[in-house]
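Colleague: Take a look at work.txt, compact mmCIF, C-alpha atoms:
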```txt
# COMPACT_ATOMS: atom_id res chain seq x y z
CA MET X 1 42.78 82.16 163.09
CA ALA X 2 45.31 81.27 165.77
CA ARG X 3 47.12 77.97 165.53
CA ARG X 4 46.18 75.42 168.20
CA PRO X 5 49.15 74.32 170.36
CA GLN X 6 50.25 70.72 169.79
CA GLU X 7 52.21 68.32 172.02
CA TYR X 8 55.07 68.29 169.48
CA ASP X 9 55.52 72.08 169.51
CA ASP X 10 58.33 71.71 172.05
CA ILE X 11 60.81 69.99 169.70
CA PRO X 12 63.76 72.41 169.67
CA GLY X 13 64.32 74.18 166.37
CA THR X 14 61.47 72.35 164.62
CA PHE X 15 58.19 73.62 163.26
CA VAL X 16 56.05 70.67 162.23
CA PHE X 17 54.10 71.47 159.05
CA ASP X 18 50.71 70.18 160.14
CA ALA X 19 47.20 71.03 158.93
CA ASP X 20 46.97 74.11 161.16
CA ARG X 21 50.32 75.46 159.92
CA SER X 22 49.27 74.73 156.36
CA ARG X 23 46.16 76.86 156.77
CA GLN X 24 48.09 79.57 158.64
CA GLY X 25 50.79 79.78 155.96
CA TYR X 26 48.67 79.41 152.84
CA HIS X 27 49.47 82.91 151.56
CA ILE X 28 53.21 82.64 152.33
CA ASN X 29 53.27 79.45 150.33
CA MET X 30 51.24 80.89 147.45
CA PHE X 31 53.64 83.84 147.31
CA CYS X 32 56.60 81.46 147.18
CA MET X 33 54.93 79.35 144.48
CA SER X 34 54.37 82.48 142.42
CA LEU X 35 58.16 82.76 142.16
CA MET X 36 58.19 79.76 139.85
CA LYS X 37 57.40 82.15 136.98
CA ALA X 38 60.24 84.32 135.66
CA GLU X 39 58.01 87.39 135.28
CA ASN X 40 56.98 87.13 138.94
CA ARG X 41 60.58 86.78 140.12
CA LYS X 42 61.47 89.86 138.10
CA ALA X 43 58.54 91.85 139.55
CA PHE X 44 59.37 90.74 143.09
CA LYS X 45 63.05 91.66 142.78
CA ALA X 46 62.12 95.05 141.27
CA ASN X 47 59.95 96.03 144.27
CA GLU X 48 59.56 93.38 146.96
CA ALA X 49 57.17 95.29 149.22
CA GLU X 50 54.87 96.21 146.34
CA TYR X 51 54.87 92.65 145.00
CA LEU X 52 53.88 91.30 148.43
CA ASP X 53 50.78 93.53 148.34
CA ARG X 54 49.31 90.92 145.96
CA PHE X 55 48.98 88.49 148.86
CA PRO X 56 46.89 88.88 152.06
CA LEU X 57 49.86 88.21 154.36
CA THR X 58 49.86 89.04 158.05
CA PRO X 59 52.31 91.79 159.07
CA GLU X 60 54.49 89.12 160.72
CA GLN X 61 54.56 86.99 157.55
CA ARG X 62 55.39 90.01 155.41
CA GLN X 63 58.22 91.04 157.73
CA ALA X 64 59.66 87.51 157.81
CA ILE X 65 59.71 87.40 154.00
CA LEU X 66 61.30 90.83 153.60
CA GLN X 67 63.94 89.99 156.23
CA ARG X 68 64.49 86.52 154.76
CA ASN X 69 63.89 85.05 158.19
CA TYR X 70 63.25 81.50 157.00
CA ASN X 71 62.78 80.03 160.47
CA ARG X 72 60.09 82.62 161.21
CA MET X 73 58.42 81.87 157.86
CA LEU X 74 58.23 78.20 158.86
CA GLU X 75 56.87 79.10 162.27
CA LEU X 76 54.18 81.21 160.56
CA GLY X 77 53.11 78.36 158.30
CA GLY X 78 55.60 78.39 155.46
CA ASN X 79 56.54 75.05 153.98
CA ILE X 80 60.29 74.50 153.55
CA TYR X 81 59.85 73.31 149.95
CA PHE X 82 57.94 76.45 149.04
CA THR X 83 60.18 78.87 150.95
CA ALA X 84 63.16 77.36 149.12
CA LYS X 85 61.80 79.08 145.99
CA LEU X 86 62.42 82.42 147.68
CA GLY X 87 66.00 81.38 148.45
CA ALA X 88 66.47 80.29 144.84
CA THR X 89 65.10 83.65 143.67
CA ASP X 90 67.85 85.26 145.73
CA GLY X 91 70.41 82.95 144.11
CA HIS X 92 70.94 80.73 147.16
CA SER X 93 71.19 76.96 147.30
CA PHE X 94 69.13 74.89 149.69
CA GLN X 95 72.34 74.09 151.57
CA HIS X 96 72.97 77.81 152.03
CA MET X 97 69.44 78.31 153.38
CA ALA X 98 69.73 75.33 155.75
CA ALA X 99 73.06 76.62 157.06
CA VAL X 100 71.55 80.06 157.70
CA MET X 101 68.56 78.46 159.42
CA THR X 102 70.78 76.41 161.73
CA GLY X 103 73.18 79.27 162.45
CA SER X 104 76.17 77.57 160.86
CA THR X 105 78.36 77.93 157.81
CA GLN X 106 77.62 75.93 154.67
CA GLU X 107 80.78 73.92 155.28
CA ASP X 108 79.84 73.09 158.89
CA TYR X 109 76.28 72.27 157.87
CA ALA X 110 77.51 69.90 155.12
CA LYS X 111 79.89 68.20 157.58
CA MET X 112 77.07 67.74 160.10
CA MET X 113 74.79 66.19 157.50
CA LEU X 114 77.52 63.91 156.14
CA ALA X 115 78.19 62.77 159.72
CA GLY X 116 74.56 61.69 160.14
CA GLY X 117 72.73 64.94 160.88
CA ARG X 118 71.85 66.79 164.04
CA SER X 119 72.37 64.89 167.29
CA ILE X 120 69.16 63.69 168.92
CA GLU X 121 70.50 64.73 172.33
CA GLY X 122 68.53 67.78 173.43
CA ASN X 123 66.54 67.78 170.22
CA ARG X 124 63.58 65.59 171.12
CA SER X 125 60.13 66.52 172.32
CA LYS X 126 60.26 67.37 176.00
CA SER X 127 56.76 66.00 176.62
CA LYS X 128 55.36 62.52 176.27
CA PRO X 129 51.73 61.80 175.58
CA GLU X 130 50.21 60.37 178.74
CA GLY X 131 50.23 56.60 178.93
CA ARG X 132 52.26 56.19 175.77
CA THR X 133 55.76 54.78 176.08
CA LYS X 134 56.30 53.48 172.54
CA PRO X 135 55.04 54.40 169.08
CA ALA X 136 51.48 53.38 168.30
CA SER X 137 51.23 50.19 166.29
CA ARG X 138 48.86 49.51 163.43
CA LYS X 139 45.77 47.48 164.18
CA PRO X 140 45.86 44.07 162.55
CA SER X 141 43.45 43.54 159.70
CA ALA X 142 40.21 41.77 160.57
CA LYS X 143 40.45 39.73 157.36
CA PRO X 144 42.74 36.70 157.12
CA ALA X 145 45.77 37.24 154.85
CA SER X 146 44.26 34.95 152.19
CA LYS X 147 41.19 37.23 151.88
CA ARG X 148 43.03 40.58 151.78
CA ARG X 149 43.48 42.34 148.47
CA THR X 150 46.81 43.61 147.21
CA ARG X 151 47.28 47.10 145.80
CA ALA X 152 46.55 45.78 142.31
CA GLY X 153 43.19 44.55 143.53
CA SER X 154 43.73 40.80 143.23
CA LYS X 155 43.34 38.45 146.18
CA ARG X 156 46.41 37.11 147.91
CA GLY X 157 47.16 33.45 148.23
```
What does the file become when written as structure tokens?
Modeller:
Amino acid sequence: MARRPQEYDDIPGTFVFDADRSRQGYHINMFCMSLMKAENRKAFKANEAEYLDRFPLTPEQRQAILQRNYNRMLELGGNIYFTAKLGATDGHSFQHMAAVMTGSTQEDYAKMMLAGGRSIEGNRSKSKPEGRTKPASRKPSAKPASKRRTRAGSKRG
């Protein structure tokens, strides 16, 4: 099933892990989760292509995994927290993976993050939802504050 385009798909360098991407990448993520077990990591490292036959991956997903193209894995529905297990299987830190994904060295990536992260200039969505100029606000509760219940279930006030 093809993923439906979303208005936030134009954020440079970002693949939002939404419900559609979750469904699209289910088998990538299950493969990555399988690497939590030592025997699976050993089997994968012994013969990566054969190990991947256990999962109904698309040819594009399979290629991205074998090439360790983490950005492509995310685009195809991989979740960063799951794909990090593949990096760990290869002996790489999350910082190493993030540096590779951003096209920088680990040192430059660390400096960028310590300085506050990636600049927002040029890295925002290029489109705006029609008629929306600020974030949506929550609707106020219909009940007065004295009648609302807290998380513990008791009434306020």
Colleague: Nearest residue to Gly25 (chain X) out of X:Thr58, X:Ala46, X:Arg4, X:Asp9, using only C-alpha atoms?
Modeller: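 Going through X:Thr58, X:Ala46, X:Arg4, X:Asp9 one by one, the smallest distance to Gly25 (chain X) is for X:Thr58.
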Colleague: In Å, rounded to a single decimal, give me how far CA of Met101 (chain X) is from CA of Asn71 (chain X).
Modeller: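 Going from CA of Asn71 (chain X) over to CA of Met101 (chain X), I get 6.1 Å.
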Colleague: Could you state the separation of CA of Asp53 (chain X) and CA of Val100 (chain X) in Å, given to one decimal place?
Modeller: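 Calculated distance between CA of Asp53 (chain X) and CA of Val100 (chain X) is 26.5 Å.
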Colleague: Could you list, as a list in words, every residue within 10 Å of region 91-95 of chain X, counting all atoms listed in the file and ignoring same-chain residues fewer than 4 positions away?
Modeller: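 My reading of the contact set: Ile80, Tyr81, Thr83, Ala84, Lys85, Leu86, Gly87, Ala99, Val100, Met101, Thr105, Gln106, Glu107, Tyr109 and Ala110 of chain X.
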Colleague: Choose the residue, out of X:Ala49, X:Leu114, X:Val16, X:Leu35, that has the smallest atom-to-atom separation from Gln63 (chain X); count all atoms listed in the file.
Modeller: X:Ala49
Colleague: Quick one: distance from CA of Met112 (chain X) to CA of Arg72 (chain X) in Å, one decimal?
Modeller: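 Computing it gives 22.6 Å between the two atoms.
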Colleague: Counting all atoms listed in the file, what is within 12 Å of Glu48 (chain X), bar same-chain residues fewer than 6 positions away, as a PyMOL selection string?
Modeller: chain X and resi 31+35+40-42+54-55+62-63+65-68+86+89-90
Colleague: With distances taken over all atoms listed in the file, which of X:Ala43, X:Met73, X:Ile120, X:Ala98 is nearest to Phe15 (chain X)?
Modeller: X:Met73
Colleague: Measuring atom to atom with only C-alpha atoms, identify which of X:Ser127, X:Tyr51, X:Asp18, X:Glu39 is nearest to Gly77 (chain X).
Modeller: X:Asp18
Colleague: Would you mind completing region 111-122 of chain X to all heavy atoms and writing the output as a PDB file, keeping the file's coordinate frame?
Modeller:
```pdb
ATOM      1  N   LYS X 111      79.189  69.179 156.744  1.00  0.00           N
ATOM      2  CA  LYS X 111      79.890  68.200 157.580  1.00  0.00           C
ATOM      3  C   LYS X 111      78.932  67.510 158.541  1.00  0.00           C
ATOM      4  O   LYS X 111      78.983  66.297 158.722  1.00  0.00           O
ATOM      5  CB  LYS X 111      81.013  68.876 158.378  1.00  0.00           C
ATOM      6  CG  LYS X 111      82.240  69.207 157.564  1.00  0.00           C
ATOM      7  CD  LYS X 111      83.281  69.888 158.451  1.00  0.00           C
ATOM      8  CE  LYS X 111      84.451  70.379 157.656  1.00  0.00           C
ATOM      9  NZ  LYS X 111      85.417  71.127 158.496  1.00  0.00           N
ATOM     10  N   MET X 112      78.047  68.304 159.164  1.00  0.00           N
ATOM     11  CA  MET X 112      77.070  67.740 160.100  1.00  0.00           C
ATOM     12  C   MET X 112      76.172  66.722 159.386  1.00  0.00           C
ATOM     13  O   MET X 112      75.945  65.628 159.880  1.00  0.00           O
ATOM     14  CB  MET X 112      76.215  68.840 160.722  1.00  0.00           C
ATOM     15  CG  MET X 112      75.120  68.298 161.636  1.00  0.00           C
ATOM     16  SD  MET X 112      73.946  69.526 162.219  1.00  0.00           S
ATOM     17  CE  MET X 112      73.116  70.021 160.719  1.00  0.00           C
ATOM     18  N   MET X 113      75.690  67.087 158.217  1.00  0.00           N
ATOM     19  CA  MET X 113      74.790  66.190 157.500  1.00  0.00           C
ATOM     20  C   MET X 113      75.516  64.926 157.040  1.00  0.00           C
ATOM     21  O   MET X 113      74.969  63.821 157.115  1.00  0.00           O
ATOM     22  CB  MET X 113      74.151  66.914 156.310  1.00  0.00           C
ATOM     23  CG  MET X 113      73.224  68.052 156.735  1.00  0.00           C
ATOM     24  SD  MET X 113      71.977  67.579 157.965  1.00  0.00           S
ATOM     25  CE  MET X 113      70.929  66.532 156.986  1.00  0.00           C
ATOM     26  N   LEU X 114      76.744  65.071 156.568  1.00  0.00           N
ATOM     27  CA  LEU X 114      77.520  63.910 156.140  1.00  0.00           C
ATOM     28  C   LEU X 114      77.860  62.990 157.317  1.00  0.00           C
ATOM     29  O   LEU X 114      78.054  61.791 157.140  1.00  0.00           O
ATOM     30  CB  LEU X 114      78.799  64.354 155.419  1.00  0.00           C
ATOM     31  CG  LEU X 114      78.561  64.970 154.042  1.00  0.00           C
ATOM     32  CD1 LEU X 114      79.848  65.597 153.509  1.00  0.00           C
ATOM     33  CD2 LEU X 114      78.006  63.938 153.065  1.00  0.00           C
ATOM     34  N   ALA X 115      77.906  63.555 158.509  1.00  0.00           N
ATOM     35  CA  ALA X 115      78.190  62.770 159.720  1.00  0.00           C
ATOM     36  C   ALA X 115      76.920  62.156 160.316  1.00  0.00           C
ATOM     37  O   ALA X 115      76.974  61.558 161.388  1.00  0.00           O
ATOM     38  CB  ALA X 115      78.886  63.645 160.753  1.00  0.00           C
ATOM     39  N   GLY X 116      75.787  62.314 159.658  1.00  0.00           N
ATOM     40  CA  GLY X 116      74.560  61.690 160.140  1.00  0.00           C
ATOM     41  C   GLY X 116      73.502  62.655 160.618  1.00  0.00           C
ATOM     42  O   GLY X 116      72.455  62.245 161.102  1.00  0.00           O
ATOM     43  N   GLY X 117      73.739  63.958 160.506  1.00  0.00           N
ATOM     44  CA  GLY X 117      72.730  64.940 160.880  1.00  0.00           C
ATOM     45  C   GLY X 117      72.863  65.428 162.304  1.00  0.00           C
ATOM     46  O   GLY X 117      73.826  65.111 163.009  1.00  0.00           O
ATOM     47  N   ARG X 118      71.874  66.183 162.710  1.00  0.00           N
ATOM     48  CA  ARG X 118      71.850  66.790 164.040  1.00  0.00           C
ATOM     49  C   ARG X 118      71.710  65.704 165.103  1.00  0.00           C
ATOM     50  O   ARG X 118      70.932  64.767 164.957  1.00  0.00           O
ATOM     51  CB  ARG X 118      70.662  67.751 164.077  1.00  0.00           C
ATOM     52  CG  ARG X 118      70.483  68.512 165.343  1.00  0.00           C
ATOM     53  CD  ARG X 118      69.394  69.541 165.204  1.00  0.00           C
ATOM     54  NE  ARG X 118      68.090  68.925 165.106  1.00  0.00           N
ATOM     55  CZ  ARG X 118      66.944  69.557 165.271  1.00  0.00           C
ATOM     56  NH1 ARG X 118      66.933  70.840 165.504  1.00  0.00           N
ATOM     57  NH2 ARG X 118      65.803  68.930 165.182  1.00  0.00           N
ATOM     58  N   SER X 119      72.452  65.835 166.181  1.00  0.00           N
ATOM     59  CA  SER X 119      72.370  64.890 167.290  1.00  0.00           C
ATOM     60  C   SER X 119      70.956  64.903 167.868  1.00  0.00           C
ATOM     61  O   SER X 119      70.329  65.951 167.967  1.00  0.00           O
ATOM     62  CB  SER X 119      73.367  65.285 168.380  1.00  0.00           C
ATOM     63  OG  SER X 119      73.095  64.582 169.572  1.00  0.00           O
ATOM     64  N   ILE X 120      70.486  63.737 168.294  1.00  0.00           N
ATOM     65  CA  ILE X 120      69.160  63.690 168.920  1.00  0.00           C
ATOM     66  C   ILE X 120      69.199  64.191 170.352  1.00  0.00           C
ATOM     67  O   ILE X 120      68.170  64.542 170.912  1.00  0.00           O
ATOM     68  CB  ILE X 120      68.555  62.262 168.879  1.00  0.00           C
ATOM     69  CG1 ILE X 120      69.415  61.267 169.656  1.00  0.00           C
ATOM     70  CG2 ILE X 120      68.333  61.832 167.455  1.00  0.00           C
ATOM     71  CD1 ILE X 120      68.750  59.924 169.865  1.00  0.00           C
ATOM     72  N   GLU X 121      70.384  64.256 170.947  1.00  0.00           N
ATOM     73  CA  GLU X 121      70.500  64.730 172.330  1.00  0.00           C
ATOM     74  C   GLU X 121      70.056  66.186 172.423  1.00  0.00           C
ATOM     75  O   GLU X 121      70.589  67.050 171.739  1.00  0.00           O
ATOM     76  CB  GLU X 121      71.939  64.580 172.829  1.00  0.00           C
ATOM     77  CG  GLU X 121      72.402  63.141 172.916  1.00  0.00           C
ATOM     78  CD  GLU X 121      71.479  62.245 173.733  1.00  0.00           C
ATOM     79  OE1 GLU X 121      71.035  62.659 174.819  1.00  0.00           O
ATOM     80  OE2 GLU X 121      71.199  61.126 173.271  1.00  0.00           O
ATOM     81  N   GLY X 122      69.053  66.429 173.252  1.00  0.00           N
ATOM     82  CA  GLY X 122      68.530  67.780 173.430  1.00  0.00           C
ATOM     83  C   GLY X 122      67.622  68.251 172.319  1.00  0.00           C
ATOM     84  O   GLY X 122      67.169  69.385 172.324  1.00  0.00           O
TER      85      GLY X 122
END
```
